[in-house]
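The file coords_5.cif comes next; it holds mmCIF, C-alpha atoms and all ligand atoms.
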```cif
data_structure
loop_
_atom_site.label_atom_id
_atom_site.label_comp_id
_atom_site.auth_asym_id
_atom_site.auth_seq_id
_atom_site.Cartn_x
_atom_site.Cartn_y
_atom_site.Cartn_z
CA MET A 29 21.23 -12.09 -15.55
CA ASN A 30 24.26 -12.04 -13.26
CA ASP A 31 25.51 -8.99 -15.16
CA VAL A 32 22.23 -7.24 -14.36
CA MET A 33 22.54 -8.12 -10.66
CA GLU A 34 26.11 -6.78 -10.66
CA MET A 35 25.10 -3.55 -12.38
CA LEU A 36 22.24 -3.07 -9.91
CA TYR A 37 24.64 -3.64 -7.03
CA LEU A 38 27.26 -1.30 -8.47
CA SER A 39 24.69 1.48 -8.80
CA GLY A 40 24.17 1.45 -5.05
CA ASN A 41 21.20 -0.87 -4.72
CA ASP A 42 20.93 -3.73 -2.28
CA VAL A 43 20.06 -6.81 -4.33
CA LEU A 44 18.45 -9.93 -2.86
CA PRO A 45 18.29 -12.63 -5.57
CA GLY A 46 15.45 -15.17 -5.24
CA GLU A 47 13.94 -13.34 -2.30
CA PRO A 48 10.55 -14.68 -1.12
CA MET A 49 7.86 -12.00 -1.11
CA ALA A 50 6.31 -13.54 2.02
CA ARG A 51 9.06 -11.72 3.95
CA TRP A 52 8.06 -8.35 2.51
CA THR A 53 4.26 -8.40 2.65
CA SER A 54 2.03 -7.80 5.65
CA LEU A 55 -0.01 -10.91 4.76
CA GLY A 56 3.17 -13.00 4.87
CA ILE A 57 2.34 -14.74 1.58
CA GLY A 58 4.32 -14.84 -1.66
CA GLY A 59 6.98 -16.88 -3.44
CA LYS A 60 10.35 -15.92 -4.86
CA VAL A 61 11.05 -13.09 -7.27
CA LYS A 62 14.06 -12.84 -9.61
CA ALA A 63 15.54 -10.34 -7.17
CA LEU A 64 14.29 -7.79 -4.68
CA VAL A 65 16.05 -4.49 -5.37
CA LEU A 66 16.35 -1.95 -2.56
CA PRO A 67 17.56 1.49 -3.69
CA HIS A 68 18.78 3.93 -1.03
CA SER A 69 18.17 7.08 -3.06
CA ASP A 70 16.40 8.43 -6.15
CA ARG A 71 19.65 8.08 -7.98
CA SER A 72 19.99 4.34 -7.40
CA LEU A 73 16.25 3.88 -8.07
CA LEU A 74 16.48 5.65 -11.44
CA ASP A 75 19.67 3.74 -12.29
CA ALA A 76 17.96 0.45 -11.40
CA ILE A 77 15.05 1.22 -13.72
CA GLN A 78 17.38 2.11 -16.56
CA ILE A 79 19.50 -1.02 -16.06
CA LEU A 80 16.42 -3.27 -16.00
CA ARG A 81 14.85 -1.61 -19.03
CA GLU A 82 18.05 -1.79 -21.07
CA ALA A 83 18.43 -5.48 -20.16
CA GLY A 84 14.81 -6.11 -21.19
CA GLU A 85 13.97 -7.31 -17.67
CA LYS A 86 10.45 -6.86 -16.34
CA PHE A 87 10.01 -5.29 -12.93
CA ARG A 88 7.35 -4.15 -10.49
CA ILE A 89 7.45 -1.54 -7.75
CA MET A 90 6.34 -1.87 -4.16
CA GLY A 91 6.34 0.15 -0.98
CA MET A 92 5.79 -1.72 2.28
CA GLY A 93 3.68 -4.54 0.84
CA THR A 94 0.66 -3.85 3.05
CA ASN A 95 -1.85 -4.02 0.20
CA LEU A 96 -0.43 -6.97 -1.74
CA LEU A 97 -1.41 -10.62 -2.12
CA VAL A 98 1.39 -12.37 -4.00
CA SER A 99 1.32 -15.82 -5.63
CA ASP A 100 3.13 -18.66 -3.82
CA GLU A 101 4.64 -19.56 -7.17
CA GLY A 102 6.50 -16.27 -7.10
CA ILE A 103 7.02 -13.86 -9.96
CA ASP A 104 9.60 -14.24 -12.68
CA GLU A 105 10.40 -10.52 -12.51
CA PHE A 106 12.43 -8.06 -10.45
CA VAL A 107 10.71 -6.13 -7.68
CA ILE A 108 11.94 -2.69 -6.65
CA ASN A 109 11.15 -1.90 -3.03
CA THR A 110 11.19 1.81 -2.11
CA SER A 111 11.18 1.35 1.65
CA ARG A 112 14.73 2.66 2.11
CA ILE A 113 14.12 5.98 0.35
CA THR A 114 12.70 7.96 3.20
CA GLY A 115 13.75 11.61 2.99
CA VAL A 116 11.45 14.43 4.00
CA CYS A 117 11.53 18.22 3.73
CA ILE A 118 9.29 20.80 5.39
CA ASN A 119 8.82 24.25 3.88
CA GLY A 120 6.24 26.21 5.89
CA ASP A 121 2.99 24.31 5.53
CA LEU A 122 4.20 22.25 2.54
CA ILE A 123 5.79 18.89 3.33
CA VAL A 124 7.57 16.89 0.64
CA ALA A 125 8.11 13.21 1.45
CA ASP A 126 9.98 10.48 -0.45
CA ALA A 127 7.91 7.55 -1.72
CA GLY A 128 9.35 5.01 0.71
CA LEU A 129 8.72 7.00 3.89
CA PRO A 130 6.22 5.13 6.09
CA LEU A 131 2.97 7.12 6.25
CA LYS A 132 2.99 6.65 10.01
CA ARG A 133 6.44 8.22 10.27
CA LEU A 134 5.24 11.14 8.12
CA CYS A 135 2.35 11.66 10.56
CA HIS A 136 4.80 11.79 13.49
CA ILE A 137 7.00 14.33 11.69
CA VAL A 138 4.13 16.66 10.80
CA SER A 139 2.56 16.47 14.23
CA SER A 140 5.88 17.50 15.84
CA ALA A 141 6.09 20.36 13.34
CA GLY A 142 2.60 21.53 14.35
CA LEU A 143 0.96 20.69 11.03
CA SER A 144 -2.55 19.32 10.75
CA GLY A 145 -4.27 17.41 7.92
CA LEU A 146 -2.99 13.85 8.04
CA GLU A 147 -4.47 12.83 11.41
CA GLU A 148 -7.25 10.61 9.98
CA LEU A 149 -4.69 8.76 7.86
CA TYR A 150 -2.56 7.94 10.90
CA GLY A 151 -2.27 4.22 11.44
CA ILE A 152 -2.64 3.25 7.79
CA PRO A 153 0.38 1.01 7.34
CA GLY A 154 2.42 1.43 4.19
CA SER A 155 4.53 4.00 2.44
CA VAL A 156 3.81 7.45 1.03
CA GLY A 157 4.10 6.05 -2.54
CA GLY A 158 1.66 3.22 -1.79
CA ALA A 159 -0.74 5.66 -0.13
CA VAL A 160 -0.72 7.93 -3.20
CA PHE A 161 -1.06 5.02 -5.65
CA MET A 162 -4.05 3.66 -3.71
CA ASN A 163 -5.41 7.09 -2.71
CA ALA A 164 -5.49 5.58 0.78
CA GLY A 165 -8.08 6.91 3.15
CA ALA A 166 -9.83 6.49 6.47
CA TYR A 167 -12.37 8.25 8.68
CA GLY A 168 -13.59 10.59 5.94
CA LYS A 169 -10.17 11.69 4.69
CA GLU A 170 -8.29 10.54 1.57
CA VAL A 171 -4.76 11.26 0.40
CA LYS A 172 -6.15 13.41 -2.44
CA ASP A 173 -7.65 15.86 0.10
CA VAL A 174 -4.20 16.97 1.28
CA LEU A 175 -1.93 16.10 -1.64
CA GLU A 176 -0.67 18.99 -3.78
CA TRP A 177 1.63 17.35 -6.33
CA VAL A 178 3.76 14.28 -6.92
CA GLU A 179 6.98 13.69 -8.79
CA LEU A 180 6.65 10.80 -11.24
CA TYR A 181 9.12 8.91 -13.42
CA ASP A 182 7.87 7.26 -16.58
CA GLY A 183 11.13 5.55 -17.48
CA GLY A 184 12.17 8.45 -19.70
CA LYS A 185 11.55 11.70 -17.88
CA LEU A 186 10.73 13.05 -14.44
CA GLU A 187 7.55 15.11 -14.19
CA LYS A 188 5.83 17.07 -11.46
CA VAL A 189 2.11 16.29 -11.68
CA ASP A 190 -0.60 18.31 -9.99
CA VAL A 191 -3.04 16.32 -7.82
CA LYS A 192 -5.95 17.19 -10.13
CA ASP A 193 -4.17 15.45 -13.03
CA LEU A 194 -3.45 12.23 -11.13
CA GLY A 195 -6.87 10.60 -11.55
CA LEU A 196 -7.25 9.91 -7.84
CA GLY A 197 -10.56 8.33 -6.84
CA TYR A 198 -11.85 5.81 -4.31
CA ARG A 199 -8.80 3.55 -3.74
CA LYS A 200 -7.45 4.18 -7.21
CA SER A 201 -5.17 6.46 -9.18
CA GLY A 202 -4.14 7.08 -12.73
CA VAL A 203 -0.45 6.60 -11.86
CA GLY A 204 -0.37 3.40 -13.96
CA ASP A 205 3.14 2.18 -14.77
CA ARG A 206 4.79 5.41 -13.67
CA ILE A 207 6.84 5.51 -10.48
CA ILE A 208 6.09 7.89 -7.65
CA LEU A 209 9.32 9.40 -6.36
CA ARG A 210 7.94 11.92 -3.88
CA ALA A 211 4.72 13.58 -2.83
CA ALA A 212 3.95 17.07 -1.53
CA PHE A 213 1.19 17.63 1.03
CA ARG A 214 -0.30 21.04 1.89
CA LEU A 215 -1.19 21.10 5.59
CA LYS A 216 -2.38 23.69 8.14
CA LYS A 217 -0.64 25.15 11.19
CA GLU A 218 -2.02 23.73 14.41
CA ASP A 219 -0.98 23.19 18.03
CA PRO A 220 1.16 19.98 18.00
CA GLU A 221 -0.62 18.68 21.12
CA LYS A 222 -4.00 18.97 19.37
CA VAL A 223 -2.69 17.14 16.31
CA TRP A 224 -1.23 14.38 18.48
CA ALA A 225 -4.43 14.04 20.53
CA LYS A 226 -6.45 13.55 17.33
CA MET A 227 -3.94 10.95 16.09
CA GLU A 228 -4.23 9.02 19.37
CA GLU A 229 -8.02 9.07 19.04
CA ILE A 230 -7.74 7.63 15.51
CA LEU A 231 -5.40 4.81 16.67
CA GLN A 232 -7.85 4.00 19.44
CA LYS A 233 -10.63 3.62 16.85
CA ARG A 234 -8.46 1.35 14.71
CA LEU A 235 -7.50 -0.77 17.69
CA SER A 236 -11.12 -1.24 18.73
CA LYS A 237 -12.36 -2.24 15.24
CA GLN A 238 -9.49 -3.79 13.25
CA PRO A 239 -7.34 -6.94 13.68
CA VAL A 240 -4.21 -4.77 13.99
CA PHE A 241 -2.08 -7.54 15.51
CA GLU A 242 -2.87 -10.08 12.81
CA ARG A 243 -1.40 -10.55 9.35
CA SER A 244 -3.71 -8.88 6.82
CA ALA A 245 -3.61 -6.47 3.89
CA GLY A 246 -6.33 -4.18 5.23
CA SER A 247 -9.82 -4.14 3.73
CA LEU A 248 -10.16 -7.09 1.39
CA PHE A 249 -12.81 -5.56 -0.88
CA LYS A 250 -13.71 -2.08 -2.07
CA ARG A 251 -17.12 -0.71 -1.16
CA PRO A 252 -19.19 -1.20 -4.35
CA ARG A 253 -21.18 1.95 -3.46
CA PRO A 254 -20.96 4.40 -0.56
CA ASP A 255 -23.93 2.92 1.33
CA PHE A 256 -22.83 -0.74 0.98
CA TYR A 257 -20.73 -1.83 3.97
CA VAL A 258 -18.79 -4.91 2.93
CA GLY A 259 -17.71 -6.01 6.43
CA SER A 260 -21.18 -6.01 7.95
CA THR A 261 -22.63 -7.64 4.79
CA ILE A 262 -20.11 -10.50 5.04
CA GLU A 263 -20.85 -10.83 8.75
CA LYS A 264 -24.63 -10.99 8.18
CA LEU A 265 -24.08 -13.71 5.58
CA GLY A 266 -22.47 -15.83 8.31
CA LEU A 267 -18.95 -15.70 6.90
CA LYS A 268 -17.20 -14.05 9.87
CA GLY A 269 -14.56 -16.60 10.95
CA PHE A 270 -15.00 -18.55 7.66
CA ARG A 271 -11.74 -20.34 6.97
CA VAL A 272 -9.93 -22.00 4.08
CA GLY A 273 -6.77 -23.61 5.48
CA ASP A 274 -4.99 -20.90 7.45
CA ILE A 275 -6.74 -18.04 5.67
CA MET A 276 -9.71 -16.64 7.53
CA ILE A 277 -12.28 -13.86 7.50
CA SER A 278 -11.30 -11.94 10.63
CA GLU A 279 -13.38 -12.55 13.71
CA LYS A 280 -12.80 -8.94 14.72
CA HIS A 281 -13.76 -7.27 11.41
CA ALA A 282 -15.37 -9.25 8.60
CA GLY A 283 -13.98 -6.81 6.02
CA PHE A 284 -10.45 -8.17 6.67
CA MET A 285 -8.88 -11.42 5.55
CA VAL A 286 -6.17 -12.69 7.92
CA ASN A 287 -3.39 -15.25 7.67
CA LYS A 288 -3.46 -17.40 10.79
CA GLY A 289 0.01 -18.89 10.20
CA ASN A 290 0.76 -20.85 7.06
CA GLY A 291 -1.90 -19.41 4.75
CA SER A 292 -1.32 -19.95 1.05
CA PHE A 293 -2.13 -17.85 -2.01
CA LYS A 294 -4.46 -20.59 -3.32
CA ASP A 295 -6.42 -20.66 -0.06
CA ALA A 296 -6.69 -16.86 -0.10
CA ILE A 297 -8.06 -16.95 -3.66
CA ARG A 298 -10.53 -19.71 -2.73
CA LEU A 299 -11.76 -17.67 0.22
CA ILE A 300 -12.07 -14.52 -1.88
CA GLU A 301 -14.08 -16.40 -4.55
CA LYS A 302 -16.37 -17.93 -1.93
CA VAL A 303 -17.13 -14.51 -0.38
CA LYS A 304 -17.69 -12.95 -3.82
CA ARG A 305 -20.09 -15.76 -4.85
CA THR A 306 -22.04 -15.54 -1.58
CA VAL A 307 -22.42 -11.75 -1.76
CA LYS A 308 -23.38 -11.90 -5.46
CA LYS A 309 -26.05 -14.51 -4.74
CA ALA A 310 -27.51 -12.62 -1.77
CA HIS A 311 -27.28 -9.04 -3.03
CA GLY A 312 -26.55 -9.21 -6.76
CA VAL A 313 -23.42 -7.17 -6.10
CA GLU A 314 -20.06 -7.92 -7.73
CA LEU A 315 -17.27 -7.25 -5.20
CA GLU A 316 -13.87 -6.06 -6.37
CA THR A 317 -10.76 -6.69 -4.27
CA GLU A 318 -9.06 -3.65 -2.78
CA VAL A 319 -6.03 -5.85 -2.14
CA ILE A 320 -3.80 -5.95 -5.22
CA ILE A 321 -3.09 -9.45 -6.50
CA TRP A 322 0.33 -10.18 -7.99
CA LYS A 323 0.75 -13.41 -9.94
C1 LIG A 401 -3.96 -3.53 9.20
C2 LIG A 401 -4.13 -2.75 7.92
C3 LIG A 401 -4.96 -1.65 7.90
C4 LIG A 401 -5.15 -0.91 6.74
N1 LIG A 401 -5.97 0.18 6.76
C5 LIG A 401 -6.15 0.90 5.64
C6 LIG A 401 -7.00 2.06 5.67
O1 LIG A 401 -7.57 2.43 6.67
N2 LIG A 401 -7.15 2.74 4.50
C7 LIG A 401 -6.52 2.39 3.34
O2 LIG A 401 -6.69 3.07 2.34
N3 LIG A 401 -5.69 1.31 3.30
C8 LIG A 401 -5.49 0.56 4.42
N4 LIG A 401 -4.68 -0.53 4.39
C9 LIG A 401 -4.06 -0.95 3.11
C10 LIG A 401 -2.63 -0.39 2.84
O3 LIG A 401 -1.97 -0.13 4.04
C11 LIG A 401 -2.68 0.87 1.99
O4 LIG A 401 -3.25 0.60 0.74
C12 LIG A 401 -1.26 1.46 1.78
O5 LIG A 401 -1.40 2.75 1.26
C13 LIG A 401 -0.38 0.63 0.85
O6 LIG A 401 0.94 1.15 0.92
P1 LIG A 401 2.21 0.20 0.67
O7 LIG A 401 3.43 1.04 0.68
O8 LIG A 401 2.20 -0.94 1.59
O9 LIG A 401 1.91 -0.28 -0.84
P2 LIG A 401 2.20 -1.72 -1.47
O10 LIG A 401 1.28 -2.72 -0.86
O11 LIG A 401 3.65 -2.01 -1.43
O12 LIG A 401 1.75 -1.46 -2.98
C14 LIG A 401 0.39 -1.16 -3.27
C15 LIG A 401 0.31 -0.68 -4.73
O13 LIG A 401 0.98 0.58 -4.84
C16 LIG A 401 1.96 0.53 -5.87
N5 LIG A 401 3.08 1.36 -5.43
C17 LIG A 401 3.68 1.37 -4.21
N6 LIG A 401 4.67 2.28 -4.18
C18 LIG A 401 4.68 2.87 -5.40
C19 LIG A 401 5.51 3.89 -5.99
N7 LIG A 401 6.49 4.51 -5.33
N8 LIG A 401 5.24 4.23 -7.29
C20 LIG A 401 4.24 3.62 -8.00
N9 LIG A 401 3.46 2.64 -7.48
C21 LIG A 401 3.68 2.28 -6.20
C22 LIG A 401 2.35 -0.95 -5.96
O14 LIG A 401 2.88 -1.28 -7.25
C23 LIG A 401 1.00 -1.62 -5.72
O15 LIG A 401 0.26 -1.65 -6.92
C24 LIG A 401 -4.46 -1.28 5.55
C25 LIG A 401 -3.60 -2.40 5.57
C26 LIG A 401 -3.42 -3.12 6.74
C27 LIG A 401 -2.47 -4.28 6.75
#
```

Spell out the structure here as structure tokens.
Amino acid sequence: MNDVMEMLYLSGNDVLPGEPMARWTSLGIGGKVKALVLPHSDRSLLDAIQILREAGEKFRIMGMGTNLLVSDEGIDEFVINTSRITGVCINGDLIVADAGLPLKRLCHIVSSAGLSGLEELYGIPGSVGGAVFMNAGAYGKEVKDVLEWVELYDGGKLEKVDVKDLGLGYRKSGVGDRIILRAAFRLKKEDPEKVWAKMEEILQKRLSKQPVFERSAGSLFKRPRPDFYVGSTIEKLGLKGFRVGDIMISEKHAGFMVNKGNGSFKDAIRLIEKVKRTVKKAHGVELETEVIIWK
């Protein structure tokens, strides 16, 4: 394995052997991985994938870890983190952003350029790649509404895939095991001040409703149907503030699960199961986590 680490390093990646995922996830939970690999460009990312595949090593890909719940026991695999690949290019009203660029940073860049379309997505933490993979959305807008194409790598070839062929739906995509390298968004010309004003309004809404200063991974569950509000359902069932160890249903928004300090993976799973059982019993509805669980 040391040879693999050396090859990864020599191809321009930063390599952190035995890195705990708790340091790289917004929930602050997660044990050690074989190594966290941080490419600084497409080139080192593609080299890393080739090296790992040829060595028969398993790996996963992550952006900013804001939608992940990772086992305390860690993962006996490599994890490639895209957060240092952050290039961006504007061509008229088309903006092409690298997978690791924070979505928030992208919103700042387009607002300064006088481009409108991403305002509602402002404040969603995470990277462009994570936002595409999850088809992230808020306040009536989803990534798929403004995305034009993405560049994907399947381990063999690079391909440019049109948004209509990506299988984007409510918090899901058909990206599968492929890796998103960059994404192109088609926006509209607008007065930068108007774009910025709308973005400020959106942040204000988030601040008033969400536990933005606590450790969470966003909405814990997907809405099972458009008219079923998970947060208010959980609240009405008396589970707001429900706690297992240091893991709690947020007192500010019952759709969020927060880590109050030393929360563990096991406690998070226990809390998730308890909420699912209670909702199933009361409403006959099977909740599915929006948060992605890595174990
Ligand atoms: C306070 C808070 C508020 C939030 N609000 C919202 C919200 O309003 N709307 C919303 O939709 N989400 C929200 N989220 C959830 C989260 O921010 C989004 O899902 C975000 O898009 C995840 O991006 P990420 O880079 O952190 O992805 P990660 O958590 O790192 O990864 C998520 C998934 O994407 C995959 N992935 C990441 N990058 C790539 C890539 N380059 N290629 C292939 N697969 C990749 C990973 O393998 C994983 O399966 C919120 C989270 C928090 C903490």

Close residues, A:Ile118 itself excluded, 12 Å, only C-alpha atoms, min 5 positions apart in chain, as an mmCIF file with C-alpha atoms, keeping the file's coordinate frame:
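In the end it all went to around.cif:
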```cif
data_model
loop_
_atom_site.group_PDB
_atom_site.id
_atom_site.type_symbol
_atom_site.label_atom_id
_atom_site.label_comp_id
_atom_site.auth_asym_id
_atom_site.auth_seq_id
_atom_site.Cartn_x
_atom_site.Cartn_y
_atom_site.Cartn_z
ATOM 1 C CA ILE A 123 5.790 18.890 3.330
ATOM 2 C CA VAL A 124 7.570 16.890 0.640
ATOM 3 C CA ALA A 125 8.110 13.210 1.450
ATOM 4 C CA ASP A 126 9.980 10.480 -0.450
ATOM 5 C CA LEU A 134 5.240 11.140 8.120
ATOM 6 C CA ILE A 137 7.000 14.330 11.690
ATOM 7 C CA VAL A 138 4.130 16.660 10.800
ATOM 8 C CA SER A 139 2.560 16.470 14.230
ATOM 9 C CA SER A 140 5.880 17.500 15.840
ATOM 10 C CA ALA A 141 6.090 20.360 13.340
ATOM 11 C CA GLY A 142 2.600 21.530 14.350
ATOM 12 C CA LEU A 143 0.960 20.690 11.030
ATOM 13 C CA ALA A 211 4.720 13.580 -2.830
ATOM 14 C CA ALA A 212 3.950 17.070 -1.530
ATOM 15 C CA PHE A 213 1.190 17.630 1.030
ATOM 16 C CA ARG A 214 -0.300 21.040 1.890
ATOM 17 C CA LEU A 215 -1.190 21.100 5.590
#
```

Residues near A:Ile57, anyone? I mean within 12 Å using only C-alpha atoms, not counting same-chain ones fewer than 3 positions away, as a ChimeraX atom specification. /A:48-54,60,93-102,243-245,274-275,286-297,321-323

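The space separating atom CA of A:Asn163 from atom CA of A:Glu242 comes to 23.3 Å.
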
Could you list, as a VMD selection string, all the residues within 6 Å of ligand LIG 401 (chain A), counting only C-alpha atoms and all ligand atoms? chain A and resid 54 89 to 96 127 152 to 155 157 to 159 161 to 162 164 to 166 206 to 209 240 244 to 246

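Atom CA of A:Lys132 sits 24.4 Å away from atom CA of A:Lys192.
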
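Nearest to A:Lys226 of all the residues A:Lys304, A:Ile108, A:Glu148, A:Met29 is A:Glu148, counting all atoms listed in the file.
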